[in-house]
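data_21.txt, holding compact mmCIF, C-alpha atoms:
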```txt
# COMPACT_ATOMS: atom_id res chain seq x y z
CA MET A 21 -12.97 18.38 -38.02
CA SER A 22 -12.47 14.81 -37.09
CA LEU A 23 -9.50 13.47 -35.22
CA ASN A 24 -7.42 10.65 -36.58
CA ARG A 25 -6.70 8.58 -33.53
CA ILE A 26 -7.48 8.20 -29.86
CA LEU A 27 -5.27 6.03 -27.68
CA VAL A 28 -6.90 4.43 -24.65
CA PRO A 29 -4.54 2.77 -22.17
CA VAL A 30 -6.34 0.31 -19.89
CA LYS A 31 -5.29 -1.70 -16.85
CA ARG A 32 -6.20 -5.18 -15.72
CA VAL A 33 -6.96 -5.06 -12.01
CA ILE A 34 -8.43 -7.33 -9.37
CA ASP A 35 -12.20 -7.18 -9.82
CA TYR A 36 -13.94 -4.58 -7.70
CA ALA A 37 -16.22 -7.19 -6.14
CA VAL A 38 -13.34 -9.36 -4.90
CA LYS A 39 -12.10 -8.95 -1.36
CA VAL A 40 -8.34 -8.53 -1.60
CA ARG A 41 -6.45 -10.92 0.65
CA VAL A 42 -2.83 -10.91 1.74
CA THR A 43 -1.19 -14.29 2.19
CA GLY A 44 2.45 -14.63 3.20
CA GLY A 45 3.18 -10.96 2.62
CA LYS A 46 1.81 -11.10 -0.92
CA ILE A 47 -1.50 -10.09 -2.44
CA ASP A 48 -3.42 -13.14 -3.59
CA THR A 49 -3.71 -12.57 -7.35
CA ASN A 50 -5.31 -15.91 -8.09
CA VAL A 51 -8.74 -14.24 -8.17
CA LYS A 52 -11.08 -12.73 -10.70
CA HIS A 53 -9.67 -9.79 -12.62
CA SER A 54 -11.40 -7.27 -14.85
CA MET A 55 -10.81 -3.95 -16.52
CA ASN A 56 -10.33 -0.99 -14.20
CA PRO A 57 -13.79 0.69 -13.99
CA PHE A 58 -12.38 4.14 -14.75
CA ASP A 59 -10.67 2.74 -17.86
CA GLU A 60 -13.99 1.28 -19.00
CA ILE A 61 -15.34 4.81 -18.92
CA ALA A 62 -12.36 5.93 -21.00
CA VAL A 63 -12.96 3.22 -23.61
CA GLU A 64 -16.66 4.08 -23.74
CA GLN A 65 -15.85 7.75 -24.28
CA ALA A 66 -13.46 7.02 -27.13
CA VAL A 67 -15.90 4.60 -28.77
CA ARG A 68 -18.75 7.11 -28.52
CA MET A 69 -16.55 9.73 -30.19
CA ARG A 70 -15.81 7.26 -32.98
CA GLU A 71 -19.51 6.48 -33.37
CA GLY A 72 -20.22 10.21 -33.48
CA LYS A 73 -17.64 10.50 -36.31
CA GLN A 74 -15.44 12.77 -34.20
CA VAL A 75 -12.54 10.38 -34.51
CA LYS A 76 -11.53 7.80 -37.10
CA GLU A 77 -9.79 5.17 -35.04
CA VAL A 78 -9.68 4.03 -31.41
CA ILE A 79 -6.62 2.11 -30.24
CA ALA A 80 -6.66 0.35 -26.88
CA MET A 81 -3.41 -0.52 -25.16
CA THR A 82 -2.34 -2.21 -21.97
CA VAL A 83 0.84 -2.85 -20.05
CA GLY A 84 0.81 -6.15 -18.25
CA PRO A 85 1.34 -9.92 -18.27
CA THR A 86 -0.05 -12.31 -20.90
CA LYS A 87 -3.38 -12.45 -19.09
CA SER A 88 -3.94 -8.75 -19.76
CA LEU A 89 -4.90 -9.76 -23.29
CA GLU A 90 -8.31 -10.60 -21.85
CA THR A 91 -8.73 -6.97 -20.77
CA LEU A 92 -7.74 -5.78 -24.24
CA ARG A 93 -10.39 -8.10 -25.69
CA THR A 94 -12.98 -6.44 -23.48
CA ALA A 95 -11.90 -3.04 -24.84
CA LEU A 96 -12.07 -4.39 -28.40
CA ALA A 97 -15.51 -5.88 -27.72
CA MET A 98 -16.69 -2.51 -26.46
CA GLY A 99 -15.71 -1.07 -29.83
CA ALA A 100 -11.99 -0.23 -29.98
CA ASP A 101 -10.61 -0.87 -33.47
CA ARG A 102 -7.28 -2.44 -32.62
CA ALA A 103 -5.06 -2.98 -29.64
CA ILE A 104 -1.47 -2.88 -28.46
CA HIS A 105 -0.21 -5.17 -25.75
CA VAL A 106 3.04 -4.29 -24.02
CA GLU A 107 3.86 -7.57 -22.39
CA THR A 108 5.66 -7.57 -19.06
CA PRO A 109 6.70 -10.55 -16.91
CA GLU A 110 4.01 -12.06 -14.69
CA GLY A 111 4.21 -10.89 -11.09
CA THR A 112 6.21 -7.70 -11.63
CA GLU A 113 4.42 -4.55 -10.67
CA ILE A 114 5.01 -1.72 -13.10
CA LEU A 115 4.89 1.68 -11.44
CA PRO A 116 3.00 4.67 -12.90
CA LEU A 117 6.14 6.43 -14.17
CA GLN A 118 7.28 3.37 -16.11
CA VAL A 119 3.76 2.85 -17.47
CA ALA A 120 3.68 6.49 -18.54
CA LYS A 121 7.02 6.04 -20.34
CA LEU A 122 5.67 2.97 -22.15
CA ILE A 123 2.53 4.85 -23.16
CA ARG A 124 4.70 7.71 -24.37
CA ALA A 125 6.67 5.30 -26.57
CA VAL A 126 3.42 3.95 -28.05
CA ALA A 127 2.01 7.46 -28.47
CA GLU A 128 5.12 8.53 -30.38
CA LYS A 129 4.63 5.56 -32.70
CA GLU A 130 0.89 5.89 -33.24
CA LYS A 131 0.61 9.67 -33.04
CA PRO A 132 -2.86 9.96 -31.48
CA GLU A 133 -4.30 13.46 -30.98
CA VAL A 134 -5.94 12.44 -27.75
CA VAL A 135 -5.06 9.91 -25.05
CA ILE A 136 -7.94 9.03 -22.73
CA LEU A 137 -7.18 7.17 -19.49
CA GLY A 138 -9.02 6.36 -16.30
CA LYS A 139 -8.26 8.86 -13.55
CA GLN A 140 -6.91 6.09 -11.35
CA ALA A 141 -6.75 2.32 -11.09
CA ILE A 142 -8.76 0.72 -8.34
CA ASP A 143 -5.81 -1.43 -7.22
CA ASP A 144 -2.97 0.98 -6.43
CA ASP A 145 -5.10 4.16 -6.53
CA SER A 146 -2.07 6.17 -7.65
CA SER A 147 -3.85 8.57 -10.02
CA GLN A 148 -0.50 9.49 -11.55
CA THR A 149 -0.14 7.87 -14.96
CA GLY A 150 -2.17 10.43 -16.93
CA GLN A 151 -0.49 13.40 -15.36
CA MET A 152 3.00 11.94 -15.75
CA LEU A 153 2.27 11.10 -19.38
CA ALA A 154 1.24 14.69 -20.05
CA GLY A 155 4.46 15.84 -18.42
CA LEU A 156 6.62 13.43 -20.41
CA LEU A 157 5.03 14.28 -23.74
CA GLY A 158 4.67 17.97 -22.99
CA TRP A 159 0.99 17.84 -24.00
CA SER A 160 -1.89 19.64 -22.36
CA GLN A 161 -4.02 17.71 -19.90
CA ALA A 162 -7.61 17.73 -18.74
CA THR A 163 -7.95 15.54 -15.69
CA PHE A 164 -11.11 14.20 -14.00
CA ALA A 165 -13.30 14.82 -17.04
CA ASN A 166 -17.04 14.95 -16.55
CA LYS A 167 -17.91 15.98 -20.11
CA ILE A 168 -15.90 16.20 -23.32
CA ALA A 169 -16.83 18.14 -26.45
CA VAL A 170 -14.84 18.64 -29.64
CA ALA A 171 -14.80 22.29 -30.69
CA GLY A 172 -12.78 22.83 -33.84
CA ASP A 173 -9.16 22.00 -33.15
CA LYS A 174 -9.72 22.27 -29.42
CA LEU A 175 -11.48 20.20 -26.81
CA THR A 176 -13.83 21.66 -24.25
CA VAL A 177 -13.71 19.59 -21.09
CA ASP A 178 -15.76 19.93 -17.93
CA ARG A 179 -13.60 18.86 -15.00
CA GLU A 180 -14.78 17.67 -11.62
CA VAL A 181 -13.25 19.86 -8.95
CA ASP A 182 -14.11 20.29 -5.30
CA GLY A 183 -17.63 21.62 -5.05
CA GLY A 184 -18.46 21.84 -8.74
CA LEU A 185 -17.32 21.72 -12.32
CA GLU A 186 -14.60 23.64 -14.10
CA THR A 187 -14.81 24.10 -17.87
CA ILE A 188 -11.53 24.30 -19.70
CA SER A 189 -10.51 24.44 -23.32
CA THR A 190 -7.40 22.48 -24.32
CA LYS A 191 -5.31 22.47 -27.45
CA LEU A 192 -4.57 19.22 -29.22
CA PRO A 193 -2.77 16.92 -28.67
CA THR A 194 -4.04 16.36 -25.18
CA ILE A 195 -4.37 13.87 -22.34
CA ILE A 196 -7.73 13.31 -20.69
CA THR A 197 -8.39 11.35 -17.53
CA THR A 198 -11.94 10.23 -16.89
CA ASP A 199 -14.10 10.64 -13.83
CA LEU A 200 -16.98 8.39 -12.80
CA ARG A 201 -19.82 10.50 -14.15
CA LEU A 202 -18.47 10.97 -17.68
CA ASN A 203 -20.62 8.19 -19.13
CA GLU A 204 -22.11 4.76 -18.52
CA PRO A 205 -19.86 2.11 -20.08
CA ARG A 206 -21.53 -0.53 -22.21
CA TYR A 207 -21.45 -4.22 -21.50
CA ALA A 208 -19.02 -6.30 -23.55
CA THR A 209 -21.43 -8.98 -24.77
CA LEU A 210 -20.38 -12.51 -25.61
CA PRO A 211 -20.94 -12.12 -29.39
CA ASN A 212 -18.82 -8.96 -29.34
CA ILE A 213 -16.07 -10.68 -27.35
CA MET A 214 -16.05 -13.40 -30.03
CA LYS A 215 -15.84 -10.81 -32.82
CA ALA A 216 -13.09 -9.02 -30.91
CA LYS A 217 -10.89 -12.10 -31.28
CA LYS A 218 -10.56 -11.25 -34.97
CA LYS A 219 -9.31 -7.71 -34.29
CA LYS A 220 -5.61 -6.98 -34.47
CA VAL A 221 -3.49 -6.98 -31.32
CA ASP A 222 0.16 -5.93 -31.70
CA LYS A 223 2.57 -7.19 -29.10
CA PHE A 224 5.63 -5.38 -27.84
CA THR A 225 8.03 -5.87 -24.98
CA PRO A 226 9.31 -2.93 -22.93
CA ALA A 227 12.71 -3.59 -24.55
CA ASP A 228 11.17 -3.09 -28.03
CA LEU A 229 10.02 0.32 -26.86
CA LYS A 230 13.40 1.03 -25.22
CA VAL A 231 11.91 1.57 -21.79
CA ASP A 232 13.43 0.28 -18.56
CA ILE A 233 10.55 -0.98 -16.45
CA LYS A 234 12.51 -1.14 -13.23
CA GLY A 235 10.87 1.22 -10.77
CA SER A 236 12.62 3.35 -8.21
CA ILE A 237 10.18 2.45 -5.46
CA GLU A 238 10.69 -0.68 -3.41
CA THR A 239 7.78 -2.37 -1.68
CA ILE A 240 8.90 -3.23 1.82
CA LYS A 241 5.86 -4.84 3.30
CA ILE A 242 2.25 -5.64 2.45
CA GLU A 243 -0.20 -6.16 5.28
CA GLU A 244 -3.93 -6.47 5.67
CA PRO A 245 -5.55 -3.68 7.64
CA ALA A 246 -5.98 -4.47 11.34
CA LYS A 247 -9.06 -6.53 12.09
CA ARG A 248 -11.80 -4.71 13.93
CA SER A 249 -12.29 -6.21 17.37
CA GLY A 250 -15.87 -6.92 18.35
CA GLY A 251 -17.95 -4.77 20.65
CA LYS A 252 -18.96 -5.73 24.19
CA LYS A 253 -22.23 -5.53 26.04
CA VAL A 254 -22.29 -4.12 29.52
CA ALA A 255 -24.93 -4.96 32.09
CA SER A 256 -25.00 -1.75 34.11
CA VAL A 257 -23.93 1.88 34.18
CA ASP A 258 -21.38 1.12 36.89
CA GLU A 259 -19.78 -1.54 34.71
CA LEU A 260 -19.71 0.86 31.78
CA ILE A 261 -17.98 3.53 33.82
CA ASP A 262 -15.55 0.99 35.18
CA LYS A 263 -14.69 -0.20 31.67
CA LEU A 264 -14.33 3.32 30.34
CA LYS A 265 -11.98 4.15 33.20
CA ASN A 266 -9.89 1.01 33.34
CA GLU A 267 -10.04 -0.58 29.89
CA ALA A 268 -10.59 2.26 27.46
CA LYS A 269 -8.86 4.79 29.76
CA VAL A 270 -10.93 7.64 28.44
CA LEU A 271 -12.25 8.88 31.76
CA MET B 17 -29.66 -36.99 -23.06
CA PRO B 18 -32.11 -38.50 -25.57
CA ALA B 19 -33.56 -36.08 -28.10
CA SER B 20 -36.77 -34.50 -26.88
CA PRO B 21 -39.91 -35.51 -28.80
CA HIS B 22 -40.77 -31.83 -28.98
CA GLN B 23 -37.97 -30.63 -31.24
CA PRO B 24 -38.50 -26.94 -32.03
CA PRO B 25 -37.63 -25.66 -35.52
CA ALA B 26 -33.87 -25.62 -36.11
CA ALA B 27 -33.59 -21.84 -36.41
CA LEU B 28 -35.31 -21.30 -33.07
CA ARG B 29 -33.27 -24.03 -31.49
CA ALA B 30 -30.09 -22.21 -32.46
CA GLN B 31 -31.47 -18.99 -31.01
CA VAL B 32 -32.34 -20.71 -27.74
CA LYS B 33 -28.86 -22.18 -27.46
CA ASP B 34 -27.36 -18.82 -28.24
CA LEU B 35 -29.46 -17.18 -25.53
CA TYR B 36 -28.38 -19.82 -23.04
CA LYS B 37 -24.71 -19.26 -23.84
CA GLN B 38 -25.03 -15.51 -23.56
CA LEU B 39 -26.86 -15.68 -20.26
CA LEU B 40 -24.33 -18.18 -18.94
CA TYR B 41 -21.56 -15.78 -19.87
CA MET B 42 -23.29 -12.89 -18.14
CA GLY B 43 -23.87 -15.04 -15.06
CA ARG B 44 -20.19 -14.74 -14.22
CA GLU B 45 -20.86 -11.20 -13.07
CA TYR B 46 -23.88 -12.17 -11.02
CA PRO B 47 -23.80 -11.03 -7.39
CA ASN B 48 -24.61 -13.49 -4.64
CA GLY B 49 -22.01 -16.09 -5.59
CA GLY B 50 -21.58 -15.50 -9.31
CA ILE B 51 -21.75 -18.40 -11.71
CA ASP B 52 -22.03 -21.06 -9.00
CA TYR B 53 -25.32 -19.55 -7.92
CA PHE B 54 -26.49 -18.51 -11.35
CA LYS B 55 -25.84 -21.59 -13.44
CA PRO B 56 -28.19 -24.04 -11.66
CA LYS B 57 -30.97 -21.43 -11.75
CA LEU B 58 -30.41 -20.74 -15.42
CA LYS B 59 -30.38 -24.42 -16.27
CA ALA B 60 -33.56 -25.06 -14.29
CA ALA B 61 -35.31 -22.15 -16.03
CA PHE B 62 -34.43 -23.54 -19.46
CA LEU B 63 -35.30 -27.12 -18.52
CA LYS B 64 -38.69 -26.00 -17.30
CA LYS B 65 -39.55 -24.85 -20.80
CA ARG B 66 -37.96 -27.70 -22.74
CA THR B 67 -41.29 -29.21 -23.80
CA MET B 68 -42.33 -26.02 -25.55
CA SER B 69 -43.03 -26.70 -29.23
CA ASP B 70 -45.27 -23.88 -30.43
CA PRO B 71 -43.00 -21.46 -32.35
CA ALA B 72 -44.99 -18.44 -31.15
CA GLU B 73 -44.57 -19.53 -27.56
CA ILE B 74 -40.84 -20.04 -28.07
CA GLU B 75 -40.52 -16.60 -29.64
CA ALA B 76 -42.22 -15.11 -26.58
CA ALA B 77 -39.83 -16.97 -24.28
CA LEU B 78 -36.87 -15.70 -26.33
CA LYS B 79 -38.15 -12.16 -25.92
CA GLN B 80 -38.31 -12.69 -22.19
CA GLY B 81 -34.74 -13.93 -22.36
CA ASP B 82 -33.68 -10.73 -24.12
CA TYR B 83 -35.38 -8.75 -21.40
CA ILE B 84 -33.47 -10.65 -18.74
CA LYS B 85 -30.26 -9.94 -20.63
CA LYS B 86 -31.00 -6.22 -20.38
CA GLU B 87 -31.78 -6.57 -16.69
CA LEU B 88 -28.48 -8.34 -16.07
CA GLU B 89 -26.61 -5.64 -17.96
CA ALA B 90 -28.27 -2.96 -15.82
CA LEU B 91 -27.41 -4.95 -12.70
CA TRP B 92 -23.80 -5.27 -13.86
CA PHE B 93 -23.50 -1.55 -14.41
CA LEU B 94 -25.30 -0.35 -11.29
CA ARG B 95 -23.50 -2.67 -8.94
CA LYS B 96 -20.12 -1.49 -10.16
CA TYR B 97 -21.17 2.16 -10.26
CA ARG B 98 -22.42 2.07 -6.69
CA HIS B 99 -19.35 0.27 -5.44
CA VAL B 100 -16.97 2.79 -7.01
CA LYS B 101 -19.13 5.69 -5.87
CA GLN B 102 -19.23 4.46 -2.30
CA ASN B 103 -15.51 3.90 -2.19
CA TYR B 104 -14.27 6.96 -3.99
CA TYR B 105 -16.75 9.75 -3.51
CA ASP B 106 -18.13 11.77 -0.67
CA PRO B 107 -21.48 10.25 0.37
CA LYS B 108 -22.97 13.73 0.54
CA ASP B 109 -22.91 14.38 -3.22
```

Could you rewrite the structure in this file as structure tokens?
Amino acid sequence: MSLNRILVPVKRVIDYAVKVRVTGGKIDTNVKHSMNPFDEIAVEQAVRMREGKQVKEVIAMTVGPTKSLETLRTALAMGADRAIHVETPEGTEILPLQVAKLIRAVAEKEKPEVVILGKQAIDDDSSQTGQMLAGLLGWSQATFANKIAVAGDKLTVDREVDGGLETISTKLPTIITTDLRLNEPRYATLPNIMKAKKKKVDKFTPADLKVDIKGSIETIKIEEPAKRSGGKKVASVDELIDKLKNEAKVL
Amino acid sequence: MPASPHQPPAALRAQVKDLYKQLLYMGREYPNGGIDYFKPKLKAAFLKKRTMSDPAEIEAALKQGDYIKKELEALWFLRKYRHVKQNYYDPKD
């Protein structure tokens, strides 16, 4: 049996190689962005299933500002068939619950049998969207997937748990979140990025999907972690003991 | 720049330009300073071979270019994989 549709929500995040800086109480976002690495794994998984004729169509989607289109293009270049862009105002952070509600609205429209997401985004590290989405839709979920196999009208998923793997069988429709070792994502080459520009991208606003994107969590303060102060050299044992007693106060 | 006296066949010329563009694109992911570091090196490497006119020789150079493309892809993947692994997983496993 082959599935009709897989939906792959992806997130545009600050590139993993960039050092995140806080200026004036705000995160400097004027830096290189790329697709969340865990979402790349999700796209790769969906595309491999399409190539293996286990699914007919792969739809990528993202929630984010205009610039997120670039991330969708990467997903399309990797092999997704079409994309959905839920456009939100630049500079507003959308919290996992609101993202999950937006994905639910898209899922109700597109009716995918499987939604594959990254287990977490490397910017806010929430690891909530997939689980919340499963809750909202009332679908089964297989989180932290290490291996996915289609078995009739069920999926067999190996999950990464503490100290090993857990194999579960889930009924469709289902939500899967990917772990690092699921696969090795392919590189979105320049020719494929160019071809991806011809693929269809539908745009929606949260209002079109009747979702209020206002979150219930307020960010009070953003700070960089405390700087590590440098070490000191001591000339003698006496000095060391003195410093331990009087400066470090550990003796 | 004036046209080089050693113009390679048009088809190969297009392939060489294509290779350059693709490598330049991949250079954005290069460690050690990204495109600012990569671009001058890439340009120098291509300029060094600009007098090549023997089609067989050019084909061989194109093959080498393809090989470098694969190397860069592997570099792109491994670097990210290691970074995520270091940051999100127990170093023991």

Checklist entry - Which protein, DNA or RNA residues are at most 8 Å from (-28.1, -0.4, -19.4) in the file's coordinates when you count all atoms listed in the file, listed as a VMD selection string? => result (chain A and resid 204 206 to 207) or (chain B and resid 86 to 87 89 to 90 93)

Next on the checklist: Around (-7.3, -9.8, -3.4), as given in the file, which residues come within 8 Å? Count all atoms listed in the file and list them as a count of residues only.
Outcome noted: 11

Could you work out an axis-aligned box for segment 75-82 of chain A, taking every atom the file lists and adding 5 Å on each side, and report centre and edge lengths in Å to one decimal, as AutoDock Vina command-line options?
```
--center_x -7.4 --center_y 4.1 --center_z -29.5 --size_x 20.2 --size_y 22.6 --size_z 25.1
```

Any chance you could tabulate, as CSV, the residues of chain A at most 9 Å from chain B with each one's nearest atom pair and distance in Å to one decimal, using only C-alpha atoms, in chain and rising number order?
```
residue,atom,partner,partner_atom,distance
A:Tyr36,CA,B:Lys96,CA,7.3
A:Ala37,CA,B:Lys96,CA,8.0
A:Pro57,CA,B:Lys96,CA,7.7
A:Ile142,CA,B:Val100,CA,8.6
A:Leu200,CA,B:Lys101,CA,7.7
A:Glu204,CA,B:Phe93,CA,7.7
A:Pro205,CA,B:Phe93,CA,7.7
A:Arg206,CA,B:Phe93,CA,8.1
A:Tyr207,CA,B:Glu89,CA,6.4
A:Thr209,CA,B:Gln38,CA,7.6
A:Leu210,CA,B:Gln38,CA,5.9
A:Pro211,CA,B:Gln38,CA,7.9
```

Item to check | Within 7 Å of Thr194 of chain A using only C-alpha atoms, minus same-chain residues under 6 positions, as a count of residues only | outcome: 6

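Between Lys33 of chain B and the residues B:Gly49, B:Leu78, B:Phe54, B:Leu91, the shortest atom-to-atom distance, using only C-alpha atoms, involves B:Leu78.
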
Fix up segment 62-85 of chain A with N, CA, C and O atoms, then write it as an mmCIF file, keeping the file's coordinate frame.
```
data_model
loop_
_atom_site.group_PDB
_atom_site.id
_atom_site.type_symbol
_atom_site.label_atom_id
_atom_site.label_comp_id
_atom_site.auth_asym_id
_atom_site.auth_seq_id
_atom_site.Cartn_x
_atom_site.Cartn_y
_atom_site.Cartn_z
ATOM 1 N N ALA A 62 -13.212 5.342 -19.971
ATOM 2 C CA ALA A 62 -12.360 5.930 -21.000
ATOM 3 C C ALA A 62 -12.605 5.265 -22.360
ATOM 4 O O ALA A 62 -12.727 5.946 -23.382
ATOM 5 N N VAL A 63 -12.704 3.936 -22.356
ATOM 6 C CA VAL A 63 -12.960 3.220 -23.610
ATOM 7 C C VAL A 63 -14.310 3.646 -24.172
ATOM 8 O O VAL A 63 -14.438 3.955 -25.361
ATOM 9 N N GLU A 64 -15.320 3.689 -23.298
ATOM 10 C CA GLU A 64 -16.660 4.080 -23.740
ATOM 11 C C GLU A 64 -16.643 5.467 -24.386
ATOM 12 O O GLU A 64 -17.235 5.679 -25.441
ATOM 13 N N GLN A 65 -15.924 6.387 -23.755
ATOM 14 C CA GLN A 65 -15.850 7.750 -24.280
ATOM 15 C C GLN A 65 -15.244 7.771 -25.685
ATOM 16 O O GLN A 65 -15.788 8.383 -26.600
ATOM 17 N N ALA A 66 -14.143 7.054 -25.835
ATOM 18 C CA ALA A 66 -13.460 7.020 -27.130
ATOM 19 C C ALA A 66 -14.363 6.386 -28.190
ATOM 20 O O ALA A 66 -14.475 6.884 -29.316
ATOM 21 N N VAL A 67 -15.041 5.297 -27.807
ATOM 22 C CA VAL A 67 -15.900 4.600 -28.770
ATOM 23 C C VAL A 67 -17.088 5.484 -29.161
ATOM 24 O O VAL A 67 -17.471 5.542 -30.326
ATOM 25 N N ARG A 68 -17.625 6.205 -28.199
ATOM 26 C CA ARG A 68 -18.750 7.110 -28.520
ATOM 27 C C ARG A 68 -18.292 8.198 -29.481
ATOM 28 O O ARG A 68 -19.039 8.602 -30.368
ATOM 29 N N MET A 69 -17.058 8.691 -29.290
ATOM 30 C CA MET A 69 -16.550 9.730 -30.190
ATOM 31 C C MET A 69 -16.362 9.163 -31.594
ATOM 32 O O MET A 69 -16.591 9.852 -32.590
ATOM 33 N N ARG A 70 -15.948 7.899 -31.668
ATOM 34 C CA ARG A 70 -15.810 7.260 -32.980
ATOM 35 C C ARG A 70 -17.184 7.093 -33.624
ATOM 36 O O ARG A 70 -17.383 7.383 -34.805
ATOM 37 N N GLU A 71 -18.149 6.657 -32.845
ATOM 38 C CA GLU A 71 -19.510 6.480 -33.370
ATOM 39 C C GLU A 71 -20.124 7.803 -33.807
ATOM 40 O O GLU A 71 -20.926 7.851 -34.725
ATOM 41 N N GLY A 72 -19.724 8.873 -33.124
ATOM 42 C CA GLY A 72 -20.220 10.210 -33.480
ATOM 43 C C GLY A 72 -19.376 10.855 -34.573
ATOM 44 O O GLY A 72 -19.484 12.055 -34.790
ATOM 45 N N LYS A 73 -18.511 10.056 -35.201
ATOM 46 C CA LYS A 73 -17.640 10.500 -36.310
ATOM 47 C C LYS A 73 -16.709 11.646 -35.908
ATOM 48 O O LYS A 73 -16.314 12.457 -36.734
ATOM 49 N N GLN A 74 -16.378 11.745 -34.633
ATOM 50 C CA GLN A 74 -15.440 12.770 -34.200
ATOM 51 C C GLN A 74 -14.011 12.273 -34.278
ATOM 52 O O GLN A 74 -13.062 13.043 -34.172
ATOM 53 N N VAL A 75 -13.870 10.959 -34.423
ATOM 54 C CA VAL A 75 -12.540 10.380 -34.510
ATOM 55 C C VAL A 75 -12.615 9.177 -35.442
ATOM 56 O O VAL A 75 -13.671 8.544 -35.570
ATOM 57 N N LYS A 76 -11.491 8.887 -36.114
ATOM 58 C CA LYS A 76 -11.530 7.800 -37.100
ATOM 59 C C LYS A 76 -11.177 6.450 -36.487
ATOM 60 O O LYS A 76 -11.717 5.427 -36.884
ATOM 61 N N GLU A 77 -10.253 6.455 -35.538
ATOM 62 C CA GLU A 77 -9.790 5.170 -35.040
ATOM 63 C C GLU A 77 -9.543 5.219 -33.530
ATOM 64 O O GLU A 77 -9.035 6.219 -33.020
ATOM 65 N N VAL A 78 -9.924 4.141 -32.842
ATOM 66 C CA VAL A 78 -9.680 4.030 -31.410
ATOM 67 C C VAL A 78 -8.727 2.864 -31.163
ATOM 68 O O VAL A 78 -8.998 1.741 -31.573
ATOM 69 N N ILE A 79 -7.602 3.160 -30.533
ATOM 70 C CA ILE A 79 -6.620 2.110 -30.240
ATOM 71 C C ILE A 79 -6.579 1.905 -28.727
ATOM 72 O O ILE A 79 -6.370 2.838 -27.965
ATOM 73 N N ALA A 80 -6.793 0.663 -28.301
ATOM 74 C CA ALA A 80 -6.660 0.350 -26.880
ATOM 75 C C ALA A 80 -5.264 -0.188 -26.643
ATOM 76 O O ALA A 80 -4.687 -0.827 -27.518
ATOM 77 N N MET A 81 -4.700 0.092 -25.479
ATOM 78 C CA MET A 81 -3.410 -0.520 -25.160
ATOM 79 C C MET A 81 -3.370 -0.899 -23.695
ATOM 80 O O MET A 81 -4.142 -0.381 -22.878
ATOM 81 N N THR A 82 -2.510 -1.864 -23.378
ATOM 82 C CA THR A 82 -2.340 -2.210 -21.970
ATOM 83 C C THR A 82 -0.898 -2.585 -21.717
ATOM 84 O O THR A 82 -0.180 -2.980 -22.632
ATOM 85 N N VAL A 83 -0.476 -2.412 -20.490
ATOM 86 C CA VAL A 83 0.840 -2.850 -20.050
ATOM 87 C C VAL A 83 0.587 -3.918 -19.000
ATOM 88 O O VAL A 83 -0.073 -3.632 -18.002
ATOM 89 N N GLY A 84 1.048 -5.118 -19.238
ATOM 90 C CA GLY A 84 0.810 -6.150 -18.250
ATOM 91 C C GLY A 84 1.170 -7.528 -18.751
ATOM 92 O O GLY A 84 1.603 -7.683 -19.896
ATOM 93 N N PRO A 85 0.994 -8.549 -17.890
ATOM 94 C CA PRO A 85 1.340 -9.920 -18.270
ATOM 95 C C PRO A 85 0.417 -10.455 -19.361
ATOM 96 O O PRO A 85 -0.527 -9.782 -19.775
#
```
